[in-house]
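Novice: Supplied structure: upload_0.pdb, PDB, C-alpha atoms and all ligand atoms.
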```
ATOM      1  CA  ILE I   5     125.406  43.362 -40.991
ATOM      2  CA  LYS I   6     123.374  42.606 -44.121
ATOM      3  CA  TRP I   7     121.593  39.429 -45.164
ATOM      4  CA  THR I   8     120.576  38.613 -48.715
ATOM      5  CA  GLU I   9     118.853  35.477 -50.008
ATOM      6  CA  GLY I  10     121.477  33.131 -51.462
ATOM      7  CA  ARG I  11     124.394  35.053 -49.942
ATOM      8  CA  GLY I  12     123.651  34.965 -46.229
ATOM      9  CA  TRP I  13     125.186  37.360 -43.702
ATOM     10  CA  HIS I  14     127.811  39.768 -45.038
ATOM     11  CA  GLU I  15     129.283  43.271 -44.746
ATOM     12  CA  ALA I  16     129.722  43.645 -40.990
ATOM     13  CA  GLN I  17     130.596  47.289 -40.344
ATOM     14  CA  LEU I  18     131.226  49.464 -37.301
ATOM     15  CA  VAL I  19     130.102  52.949 -38.330
ATOM     16  CA  PRO I  20     129.263  56.236 -36.547
ATOM     17  CA  TYR I  21     125.625  56.594 -35.454
ATOM     18  CA  ALA I  22     123.559  58.017 -38.323
ATOM     19  CA  PRO I  23     119.982  57.887 -39.688
ATOM     20  CA  LEU I  24     119.016  54.943 -41.886
ATOM     21  CA  SER I  25     117.684  55.809 -45.299
ATOM     22  CA  LEU I  26     114.641  53.696 -46.242
ATOM     23  CA  ASP I  27     112.619  53.400 -49.434
ATOM     24  CA  PRO I  28     108.918  54.263 -48.811
ATOM     25  CA  ALA I  29     108.049  50.752 -50.041
ATOM     26  CA  ASN I  30     110.462  49.123 -47.567
ATOM     27  CA  MET I  31     108.635  45.968 -46.494
ATOM     28  CA  THR I  32     109.222  46.460 -42.750
ATOM     29  CA  LEU I  33     107.308  49.749 -42.833
ATOM     30  CA  HIS I  34     104.232  47.905 -44.113
ATOM     31  CA  TYR I  35     104.369  44.326 -42.845
ATOM     32  CA  ALA I  36     106.323  44.769 -39.601
ATOM     33  CA  GLN I  37     109.009  42.126 -39.959
ATOM     34  CA  THR I  38     111.037  43.605 -37.156
ATOM     35  CA  ILE I  39     112.580  42.053 -34.047
ATOM     36  CA  PHE I  40     114.813  43.406 -31.298
ATOM     37  CA  GLU I  41     116.661  42.695 -28.072
ATOM     38  CA  GLY I  42     117.748  44.679 -25.034
ATOM     39  CA  LEU I  43     120.797  44.006 -22.854
ATOM     40  CA  LYS I  44     123.227  45.963 -20.720
ATOM     41  CA  ALA I  45     126.989  46.414 -20.324
ATOM     42  CA  TYR I  46     128.107  47.162 -16.764
ATOM     43  CA  ARG I  47     131.309  48.713 -15.420
ATOM     44  CA  ARG I  48     132.955  46.510 -12.749
ATOM     45  CA  PRO I  49     134.687  47.940  -9.659
ATOM     46  CA  ASP I  50     138.104  47.324 -11.327
ATOM     47  CA  GLY I  51     137.090  49.455 -14.327
ATOM     48  CA  SER I  52     136.549  46.510 -16.702
ATOM     49  CA  VAL I  53     133.293  46.081 -18.615
ATOM     50  CA  ALA I  54     131.002  43.046 -19.003
ATOM     51  CA  THR I  55     127.613  42.277 -20.565
ATOM     52  CA  PHE I  56     125.008  40.088 -18.859
ATOM     53  CA  ARG I  57     124.143  36.766 -20.609
ATOM     54  CA  PRO I  58     124.386  38.051 -24.212
ATOM     55  CA  GLU I  59     124.127  34.459 -25.518
ATOM     56  CA  ALA I  60     120.659  34.229 -23.973
ATOM     57  CA  ASN I  61     119.612  37.361 -25.870
ATOM     58  CA  ALA I  62     121.164  35.921 -29.049
ATOM     59  CA  GLU I  63     119.150  32.710 -28.644
ATOM     60  CA  ARG I  64     115.906  34.595 -28.008
ATOM     61  CA  PHE I  65     116.687  36.718 -31.088
ATOM     62  CA  GLN I  66     116.945  33.510 -33.124
ATOM     63  CA  ARG I  67     113.584  32.300 -31.812
ATOM     64  CA  SER I  68     112.014  35.696 -32.623
ATOM     65  CA  ALA I  69     113.536  35.506 -36.134
ATOM     66  CA  ARG I  70     112.043  32.050 -36.740
ATOM     67  CA  ARG I  71     108.578  33.235 -35.657
ATOM     68  CA  LEU I  72     108.741  36.278 -37.965
ATOM     69  CA  ALA I  73     110.094  34.261 -40.936
ATOM     70  CA  MET I  74     113.398  36.134 -40.783
ATOM     71  CA  PRO I  75     116.916  34.667 -41.142
ATOM     72  CA  GLU I  76     118.632  33.467 -37.960
ATOM     73  CA  LEU I  77     121.787  35.312 -36.976
ATOM     74  CA  PRO I  78     124.419  32.952 -35.498
ATOM     75  CA  VAL I  79     124.785  33.385 -31.715
ATOM     76  CA  GLU I  80     128.526  34.137 -32.096
ATOM     77  CA  THR I  81     127.824  36.874 -34.670
ATOM     78  CA  PHE I  82     125.214  38.512 -32.427
ATOM     79  CA  VAL I  83     127.577  38.453 -29.438
ATOM     80  CA  ALA I  84     130.571  39.631 -31.507
ATOM     81  CA  ALA I  85     128.552  42.596 -32.837
ATOM     82  CA  CYS I  86     127.567  43.625 -29.294
ATOM     83  CA  ASP I  87     131.179  43.180 -28.137
ATOM     84  CA  ALA I  88     132.532  45.328 -30.969
ATOM     85  CA  LEU I  89     130.133  48.163 -30.148
ATOM     86  CA  VAL I  90     130.798  48.031 -26.387
ATOM     87  CA  ARG I  91     134.561  48.055 -26.982
ATOM     88  CA  GLN I  92     134.201  51.025 -29.339
ATOM     89  CA  ASP I  93     131.955  52.895 -26.862
ATOM     90  CA  LYS I  94     133.694  51.756 -23.694
ATOM     91  CA  ALA I  95     134.099  55.323 -22.469
ATOM     92  CA  TRP I  96     130.288  55.580 -22.506
ATOM     93  CA  VAL I  97     129.790  52.716 -20.053
ATOM     94  CA  PRO I  98     128.940  54.661 -16.868
ATOM     95  CA  ALA I  99     131.005  54.272 -13.728
ATOM     96  CA  HIS I 100     130.303  51.253 -11.553
ATOM     97  CA  GLY I 101     126.839  50.954 -10.010
ATOM     98  CA  GLU I 102     123.337  50.515 -11.326
ATOM     99  CA  ALA I 103     123.992  52.666 -14.390
ATOM    100  CA  SER I 104     124.904  50.839 -17.599
ATOM    101  CA  LEU I 105     125.308  51.061 -21.351
ATOM    102  CA  TYR I 106     122.042  49.747 -22.820
ATOM    103  CA  LEU I 107     122.394  47.843 -26.103
ATOM    104  CA  ARG I 108     119.561  47.543 -28.590
ATOM    105  CA  PRO I 109     120.226  44.938 -31.311
ATOM    106  CA  PHE I 110     117.485  44.786 -33.948
ATOM    107  CA  MET I 111     116.706  43.411 -37.382
ATOM    108  CA  ILE I 112     114.482  44.833 -40.122
ATOM    109  CA  ALA I 113     113.606  43.774 -43.650
ATOM    110  CA  THR I 114     115.198  46.000 -46.290
ATOM    111  CA  GLU I 115     113.589  44.599 -49.428
ATOM    112  CA  VAL I 116     111.385  46.996 -51.372
ATOM    113  CA  GLY I 117     108.011  45.646 -52.469
ATOM    114  CA  LEU I 118     104.291  45.748 -51.780
ATOM    115  CA  GLY I 119     103.519  42.004 -51.803
ATOM    116  CA  VAL I 120     103.065  40.226 -48.468
ATOM    117  CA  LYS I 121     105.829  37.609 -48.218
ATOM    118  CA  PRO I 122     109.009  37.116 -46.206
ATOM    119  CA  ALA I 123     111.544  39.646 -47.470
ATOM    120  CA  ASN I 124     114.725  38.454 -49.163
ATOM    121  CA  GLU I 125     116.992  41.172 -47.703
ATOM    122  CA  TYR I 126     117.530  42.159 -44.074
ATOM    123  CA  LEU I 127     119.686  44.446 -41.949
ATOM    124  CA  PHE I 128     120.919  43.657 -38.421
ATOM    125  CA  VAL I 129     122.009  46.691 -36.379
ATOM    126  CA  VAL I 130     123.132  47.298 -32.788
ATOM    127  CA  ILE I 131     122.819  50.758 -31.230
ATOM    128  CA  ALA I 132     123.756  51.797 -27.691
ATOM    129  CA  SER I 133     122.730  54.411 -25.149
ATOM    130  CA  PRO I 134     123.912  55.084 -21.588
ATOM    131  CA  ALA I 135     121.153  54.298 -19.068
ATOM    132  CA  GLY I 136     121.050  55.756 -15.567
ATOM    133  CA  ALA I 137     119.772  53.962 -12.477
ATOM    134  CA  TYR I 138     116.082  53.156 -13.003
ATOM    135  CA  PHE I 139     115.149  54.475  -9.536
ATOM    136  CA  PRO I 140     117.595  57.329  -8.852
ATOM    137  CA  GLY I 141     115.584  58.369  -5.788
ATOM    138  CA  GLY I 142     115.280  54.868  -4.268
ATOM    139  CA  VAL I 143     113.186  51.863  -5.302
ATOM    140  CA  GLN I 144     109.469  52.712  -5.462
ATOM    141  CA  PRO I 145     106.610  50.219  -5.913
ATOM    142  CA  VAL I 146     104.646  50.579  -9.160
ATOM    143  CA  SER I 147     100.854  50.471  -9.382
ATOM    144  CA  VAL I 148      99.371  48.085 -11.945
ATOM    145  CA  TRP I 149      96.143  47.810 -13.935
ATOM    146  CA  LEU I 150      94.797  44.317 -14.770
ATOM    147  CA  SER I 151      93.786  44.656 -18.405
ATOM    148  CA  GLU I 152      90.549  42.847 -19.235
ATOM    149  CA  ASP I 153      89.615  44.748 -22.414
ATOM    150  CA  TYR I 154      92.848  44.142 -24.279
ATOM    151  CA  VAL I 155      95.189  41.183 -24.610
ATOM    152  CA  ARG I 156      98.845  41.361 -25.576
ATOM    153  CA  ALA I 157      99.153  37.955 -27.180
ATOM    154  CA  VAL I 158      97.279  34.779 -28.037
ATOM    155  CA  LYS I 159      98.415  31.148 -28.275
ATOM    156  CA  GLY I 160      99.999  30.636 -31.675
ATOM    157  CA  GLY I 161     100.609  34.393 -32.021
ATOM    158  CA  THR I 162     103.815  36.365 -31.590
ATOM    159  CA  GLY I 163     103.708  36.915 -27.794
ATOM    160  CA  ALA I 164     106.849  34.891 -27.119
ATOM    161  CA  ALA I 165     108.795  36.839 -29.787
ATOM    162  CA  LYS I 166     110.320  40.262 -29.224
ATOM    163  CA  THR I 167     108.710  41.972 -32.202
ATOM    164  CA  GLY I 168     107.554  45.567 -32.622
ATOM    165  CA  GLY I 169     103.900  44.721 -33.247
ATOM    166  CA  ASN I 170     103.474  43.360 -29.709
ATOM    167  CA  TYR I 171     104.506  46.727 -28.330
ATOM    168  CA  ALA I 172     102.345  48.700 -30.793
ATOM    169  CA  ALA I 173      99.352  46.603 -29.679
ATOM    170  CA  SER I 174     100.106  47.352 -26.027
ATOM    171  CA  LEU I 175     100.107  51.162 -26.247
ATOM    172  CA  VAL I 176      96.347  51.617 -25.975
ATOM    173  CA  ALA I 177      96.224  49.393 -22.871
ATOM    174  CA  GLN I 178      99.125  51.314 -21.361
ATOM    175  CA  ALA I 179      97.127  54.529 -21.950
ATOM    176  CA  GLU I 180      94.103  52.901 -20.278
ATOM    177  CA  ALA I 181      96.261  51.975 -17.269
ATOM    178  CA  ALA I 182      97.492  55.575 -17.039
ATOM    179  CA  ALA I 183      93.884  56.841 -17.220
ATOM    180  CA  LYS I 184      93.072  54.561 -14.263
ATOM    181  CA  GLY I 185      95.958  56.113 -12.324
ATOM    182  CA  CYS I 186      98.300  53.117 -12.755
ATOM    183  CA  ASP I 187     101.935  53.015 -13.875
ATOM    184  CA  GLN I 188     101.838  49.709 -15.763
ATOM    185  CA  VAL I 189      99.529  47.182 -17.415
ATOM    186  CA  VAL I 190      99.400  43.553 -16.301
ATOM    187  CA  TRP I 191      98.388  41.294 -19.170
ATOM    188  CA  LEU I 192      96.088  38.340 -18.614
ATOM    189  CA  ASP I 193      95.556  35.290 -20.816
ATOM    190  CA  ALA I 194      93.482  35.835 -23.958
ATOM    191  CA  VAL I 195      90.871  33.128 -23.352
ATOM    192  CA  GLU I 196      89.674  33.386 -19.756
ATOM    193  CA  HIS I 197      91.145  36.803 -18.830
ATOM    194  CA  ARG I 198      92.092  35.166 -15.591
ATOM    195  CA  TRP I 199      95.652  33.817 -15.716
ATOM    196  CA  VAL I 200      98.445  36.313 -15.113
ATOM    197  CA  GLU I 201     100.893  36.590 -18.007
ATOM    198  CA  GLU I 202     103.320  39.512 -17.626
ATOM    199  CA  MET I 203     103.684  43.283 -17.339
ATOM    200  CA  GLY I 204     104.287  45.749 -20.231
ATOM    201  CA  GLY I 205     108.027  45.134 -20.420
ATOM    202  CA  MET I 206     108.675  42.824 -17.475
ATOM    203  CA  ASN I 207     107.828  39.375 -16.116
ATOM    204  CA  LEU I 208     106.143  38.906 -12.745
ATOM    205  CA  TYR I 209     107.039  37.025  -9.558
ATOM    206  CA  PHE I 210     104.824  36.252  -6.540
ATOM    207  CA  VAL I 211     106.464  35.800  -3.127
ATOM    208  CA  TYR I 212     104.914  33.308  -0.680
ATOM    209  CA  GLY I 213     107.296  33.659   2.274
ATOM    210  CA  ASP I 214     110.396  31.674   1.198
ATOM    211  CA  HIS I 215     108.746  30.355  -1.954
ATOM    212  CA  ILE I 216     108.601  32.378  -5.173
ATOM    213  CA  VAL I 217     106.289  31.685  -8.092
ATOM    214  CA  THR I 218     106.385  33.017 -11.654
ATOM    215  CA  PRO I 219     103.765  32.381 -14.366
ATOM    216  CA  GLU I 220     104.814  29.417 -16.498
ATOM    217  CA  LEU I 221     105.837  30.074 -20.113
ATOM    218  CA  SER I 222     102.412  29.926 -21.727
ATOM    219  CA  GLY I 223     103.613  30.477 -25.300
ATOM    220  CA  SER I 224     102.110  33.971 -25.215
ATOM    221  CA  LEU I 225     104.444  35.702 -22.767
ATOM    222  CA  LEU I 226     108.030  36.774 -23.351
ATOM    223  CA  PRO I 227     110.611  34.405 -21.797
ATOM    224  CA  GLY I 228     112.566  37.098 -19.940
ATOM    225  CA  ILE I 229     116.253  36.573 -19.298
ATOM    226  CA  THR I 230     115.904  38.262 -15.899
ATOM    227  CA  ARG I 231     112.994  35.897 -15.099
ATOM    228  CA  ASP I 232     115.120  32.900 -16.032
ATOM    229  CA  SER I 233     118.146  34.151 -14.050
ATOM    230  CA  LEU I 234     116.021  34.702 -10.946
ATOM    231  CA  LEU I 235     114.819  31.084 -10.926
ATOM    232  CA  THR I 236     118.474  30.138 -10.325
ATOM    233  CA  LEU I 237     119.507  33.082  -8.168
ATOM    234  CA  ALA I 238     116.524  32.646  -5.820
ATOM    235  CA  ARG I 239     117.566  29.020  -5.213
ATOM    236  CA  ASP I 240     121.165  30.190  -4.564
ATOM    237  CA  LEU I 241     119.799  32.530  -1.904
ATOM    238  CA  GLY I 242     117.868  29.736  -0.183
ATOM    239  CA  TYR I 243     114.381  30.291  -1.616
ATOM    240  CA  THR I 244     112.375  27.722  -3.522
ATOM    241  CA  ALA I 245     111.189  28.790  -6.963
ATOM    242  CA  GLU I 246     108.350  27.459  -9.079
ATOM    243  CA  GLU I 247     106.845  28.130 -12.514
ATOM    244  CA  ARG I 248     103.075  27.643 -12.597
ATOM    245  CA  ARG I 249      99.822  29.304 -13.614
ATOM    246  CA  ILE I 250      98.545  31.928 -11.204
ATOM    247  CA  SER I 251      95.095  33.508 -11.433
ATOM    248  CA  THR I 252      93.987  37.018 -10.503
ATOM    249  CA  GLU I 253      91.573  35.525  -7.907
ATOM    250  CA  GLU I 254      94.476  33.729  -6.226
ATOM    251  CA  TRP I 255      96.551  36.912  -6.355
ATOM    252  CA  ARG I 256      93.839  38.877  -4.563
ATOM    253  CA  ARG I 257      92.735  36.164  -2.106
ATOM    254  CA  ASP I 258      96.257  35.130  -1.099
ATOM    255  CA  THR I 259      97.236  38.785  -0.585
ATOM    256  CA  GLU I 260      94.149  39.465   1.536
ATOM    257  CA  GLU I 261      94.740  36.304   3.566
ATOM    258  CA  GLY I 262      98.399  37.222   4.121
ATOM    259  CA  ARG I 263     100.014  34.258   2.302
ATOM    260  CA  LEU I 264     101.183  36.219  -0.710
ATOM    261  CA  THR I 265     103.576  38.650   0.889
ATOM    262  CA  GLU I 266     105.219  40.453  -2.064
ATOM    263  CA  VAL I 267     104.885  40.786  -5.825
ATOM    264  CA  PHE I 268     107.607  42.126  -8.091
ATOM    265  CA  ALA I 269     108.300  42.589 -11.781
ATOM    266  CA  CYS I 270     111.653  41.900 -13.429
ATOM    267  CA  GLY I 271     113.366  42.820 -16.680
ATOM    268  CA  THR I 272     116.557  44.249 -18.118
ATOM    269  CA  ALA I 273     115.506  47.897 -17.770
ATOM    270  CA  ALA I 274     114.483  48.102 -14.096
ATOM    271  CA  VAL I 275     116.067  44.778 -12.977
ATOM    272  CA  ILE I 276     113.469  44.265 -10.188
ATOM    273  CA  THR I 277     110.539  46.550  -9.396
ATOM    274  CA  PRO I 278     108.157  45.978  -6.475
ATOM    275  CA  VAL I 279     104.435  45.994  -7.270
ATOM    276  CA  GLY I 280     102.320  48.095  -4.861
ATOM    277  CA  THR I 281      98.690  48.809  -5.670
ATOM    278  CA  VAL I 282      96.754  46.481  -7.998
ATOM    279  CA  LYS I 283      93.559  47.694  -9.703
ATOM    280  CA  SER I 284      91.060  46.041 -12.019
ATOM    281  CA  ALA I 285      87.552  46.882 -13.217
ATOM    282  CA  GLY I 286      86.027  45.386 -10.072
ATOM    283  CA  ALA I 287      88.697  45.366  -7.373
ATOM    284  CA  GLU I 288      91.670  47.117  -5.800
ATOM    285  CA  TRP I 289      94.234  45.905  -3.286
ATOM    286  CA  THR I 290      97.781  46.699  -2.145
ATOM    287  CA  GLN I 291     100.695  44.344  -1.591
ATOM    288  CA  GLY I 292     102.191  44.662   1.896
ATOM    289  CA  ASP I 293     102.422  48.134   3.340
ATOM    290  CA  GLY I 294     103.263  49.809   0.043
ATOM    291  CA  THR I 295     107.042  49.752   0.603
ATOM    292  CA  PRO I 296     109.447  47.356  -1.210
ATOM    293  CA  GLY I 297     109.398  43.874   0.384
ATOM    294  CA  THR I 298     112.470  42.232   1.893
ATOM    295  CA  VAL I 299     112.605  39.268  -0.526
ATOM    296  CA  THR I 300     112.193  41.642  -3.478
ATOM    297  CA  MET I 301     115.056  43.814  -2.278
ATOM    298  CA  ARG I 302     117.302  40.850  -1.450
ATOM    299  CA  LEU I 303     116.885  39.409  -4.942
ATOM    300  CA  ARG I 304     117.367  42.872  -6.463
ATOM    301  CA  GLU I 305     120.621  43.404  -4.582
ATOM    302  CA  GLY I 306     121.765  39.863  -5.441
ATOM    303  CA  LEU I 307     121.187  40.303  -9.159
ATOM    304  CA  LEU I 308     122.529  43.859  -9.372
ATOM    305  CA  GLY I 309     125.530  42.875  -7.268
ATOM    306  CA  LEU I 310     126.329  40.104  -9.732
ATOM    307  CA  GLN I 311     125.814  42.347 -12.777
ATOM    308  CA  SER I 312     127.908  45.194 -11.410
ATOM    309  CA  GLY I 313     130.694  42.862 -10.278
ATOM    310  CA  ALA I 314     130.244  43.318  -6.512
ATOM    311  CA  VAL I 315     129.192  39.651  -6.046
ATOM    312  CA  ALA I 316     130.987  36.576  -7.473
ATOM    313  CA  ASP I 317     129.590  35.341 -10.798
ATOM    314  CA  THR I 318     129.243  31.647  -9.939
ATOM    315  CA  HIS I 319     127.124  30.838 -13.026
ATOM    316  CA  GLY I 320     129.412  32.331 -15.670
ATOM    317  CA  TRP I 321     126.697  34.811 -16.669
ATOM    318  CA  MET I 322     128.972  37.810 -17.132
ATOM    319  CA  HIS I 323     130.582  38.124 -20.551
ATOM    320  CA  GLU I 324     133.848  39.910 -19.785
ATOM    321  CA  LEU I 325     135.127  42.473 -22.282
ATOM    322  CA  GLY I 326     138.224  43.650 -20.453
TER     323      GLY I 326
HETATM  324  N1  LIG I 401     108.232  40.955 -21.102
HETATM  325  C1  LIG I 401     108.262  41.881 -22.082
HETATM  326  C2  LIG I 401     107.034  42.101 -22.890
HETATM  327  C3  LIG I 401     109.440  42.616 -22.337
HETATM  328  O1  LIG I 401     109.464  43.548 -23.301
HETATM  329  C4  LIG I 401     110.590  42.376 -21.539
HETATM  330  C5  LIG I 401     111.851  43.154 -21.785
HETATM  331  N2  LIG I 401     112.681  42.518 -22.741
HETATM  332  C6  LIG I 401     110.511  41.388 -20.527
HETATM  333  C7  LIG I 401     109.317  40.695 -20.345
HETATM  334  C8  LIG I 401     111.691  41.059 -19.665
HETATM  335  O2  LIG I 401     112.685  40.399 -20.403
HETATM  336  P1  LIG I 401     114.234  40.523 -20.041
HETATM  337  O3  LIG I 401     114.378  40.059 -18.651
HETATM  338  O4  LIG I 401     114.913  39.637 -21.012
HETATM  339  O5  LIG I 401     114.593  41.965 -20.201
END
```
Now, as a test, write the supplied structure out as structure tokens.
Ligand code: PMP

Specialist:
Amino acid sequence: IKWTEGRGWHEAQLVPYAPLSLDPANMTLHYAQTIFEGLKAYRRPDGSVATFRPEANAERFQRSARRLAMPELPVETFVAACDALVRQDKAWVPAHGEASLYLRPFMIATEVGLGVKPANEYLFVVIASPAGAYFPGGVQPVSVWLSEDYVRAVKGGTGAAKTGGNYAASLVAQAEAAAKGCDQVVWLDAVEHRWVEEMGGMNLYFVYGDHIVTPELSGSLLPGITRDSLLTLARDLGYTAEERRISTEEWRRDTEEGRLTEVFACGTAAVITPVGTVKSAGAEWTQGDGTPGTVTMRLREGLLGLQSGAVADTHGWMHELG
């Protein structure tokens, strides 16, 4: 779907997958006005297909657009575009289970010009790709590196938007984590390097027995849709859930003193991933005995069960496509 100043959204088309042709002076290539989303379509046991909370992705896409001075796509148009692609590619939605059809809606500027200003032409596209189970060999805890040298986002910056530049800025920290023998980076706040924000592509949860805590929306972390869903789902399953600041000292102390029993990360790609070993410049510790915790696995099964249609959708989160 195209957008032009004065004309708005027009020319919705469903076309075969093909390369985009871009002018070398395309403004996105230089000034990075680019935003995206990620969501999944699941096959239910009866063969029908449904996406998980696409309206929530559409609303986050609008917030990202506002932050990047891009035009807002109506929620219904975003959802209708995803629906049209899933219906077209229905045969590609894998059989029931953890596998899914991953959808990647995105928007770029298409105006040609070398001046720095919001573009006056944009293109919204949705592509899709089948995605297998994230842990085909069973759920494995990830090891994480607490990044003190780099920050992902600052207050007033673009951290709460899903824009390419945030991910470009994270690559060097991800490489540092790998060099330290860790799978993922954990980002801390930009001022004190003390408050936990989020992981590379997932939000974090801390399990204190029957009470789960997730870092509050600081303005510089991405408001994950999985994070938001788990606040509700955890309460459904009898846990209490809280959003508050949590520091790295608390993380370490409460783990060592046995109060903080499990830590997990959550996001569309892996749904829920247990965190095992935690490393920073001056410390190293491991959550539990290095195997996935019981609360982590219960929430994982609850959410996946709902998404794959095995558990009743009491919140109306599944968008049924027949
Ligand atoms: N944080 C970041 C930086 C992400 O890229 C993602 C993935 N979209 C998340 C958190 C988790 O968000 P969601 O649950 O909406 O996938």

Novice: Please check which protein, DNA or RNA residues sit within 8 Å of ligand LIG 401 (chain I), counting only C-alpha atoms and all ligand atoms, and write them as a PyMOL selection string.

Specialist: chain I and resi 41-43+61+163+166+170-171+202-207+225-232+270-273+275

Novice: Name every residue that the PyMOL selection byres (((chain I and resi 69) around 10) and not hetatm) selects in this structure, writing the answer as a PyMOL selection string with chains first and numbers rising.

Specialist: chain I and resi 37-40+63-68+70-77+111+165-167

Novice: Write the residues of the selection above to a file with C-alpha atoms, as a short mmCIF file (atom, residue, chain, number, x, y, z; two decimals), in the coordinates of the input.

Specialist:
```cif
data_model
loop_
_atom_site.label_atom_id
_atom_site.label_comp_id
_atom_site.auth_asym_id
_atom_site.auth_seq_id
_atom_site.Cartn_x
_atom_site.Cartn_y
_atom_site.Cartn_z
CA GLN I 37 109.01 42.13 -39.96
CA THR I 38 111.04 43.60 -37.16
CA ILE I 39 112.58 42.05 -34.05
CA PHE I 40 114.81 43.41 -31.30
CA GLU I 63 119.15 32.71 -28.64
CA ARG I 64 115.91 34.60 -28.01
CA PHE I 65 116.69 36.72 -31.09
CA GLN I 66 116.94 33.51 -33.12
CA ARG I 67 113.58 32.30 -31.81
CA SER I 68 112.01 35.70 -32.62
CA ARG I 70 112.04 32.05 -36.74
CA ARG I 71 108.58 33.24 -35.66
CA LEU I 72 108.74 36.28 -37.97
CA ALA I 73 110.09 34.26 -40.94
CA MET I 74 113.40 36.13 -40.78
CA PRO I 75 116.92 34.67 -41.14
CA GLU I 76 118.63 33.47 -37.96
CA LEU I 77 121.79 35.31 -36.98
CA MET I 111 116.71 43.41 -37.38
CA ALA I 165 108.80 36.84 -29.79
CA LYS I 166 110.32 40.26 -29.22
CA THR I 167 108.71 41.97 -32.20
#
```

Novice: If you measure from atom CA of Phe210 of chain I to atom CA of Lys184 of chain I, what distance in Å do you get, rounded to one decimal?

Specialist: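 Taking atom CA of Phe210 of chain I as the start and atom CA of Lys184 of chain I as the end point, the length is 23.1 Å.
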
Novice: Smallest atom-to-atom distance to Gly101 of chain I: which of I:Ala316, I:Leu310, I:Met322, I:Val200, using only C-alpha atoms?

Specialist: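 The shortest atom-to-atom distance to Gly101 of chain I comes from I:Leu310.
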
Novice: If you apply the PyMOL selection byres (((chain I and resi 254) around 12) and not hetatm) to this file, what residues do you get, as a list of chain:residue names?

Specialist: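 Applied to this file, the PyMOL selection byres (((chain I and resi 254) around 12) and not hetatm) selects I:Arg198, I:Trp199, I:Val200, I:Phe210, I:Tyr212, I:Arg249, I:Ile250, I:Ser251, I:Thr252, I:Glu253, I:Trp255, I:Arg256, I:Arg257, I:Asp258, I:Thr259, I:Glu260, I:Glu261, I:Gly262, I:Arg263, I:Leu264.
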
Novice: I:Pro219, I:Pro296, I:Gly286, I:Pro28: which is nearest Trp149 of chain I, counting all atoms listed in the file?

Specialist: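 Closest to Trp149 of chain I, using all atoms listed in the file: I:Gly286.
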
Novice: Work out how far apart atom CA of Val195 of chain I and atom CA of Val158 of chain I are and give it in Å to one decimal.

Specialist: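 These atoms are spaced 8.1 Å apart.
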
Novice: So which residues get picked by the PyMOL selection byres (((chain I and resi 15) around 8) and not hetatm) here, written as a VMD selection string?

Specialist: chain I and resid 5 to 6 13 to 14 16 to 17
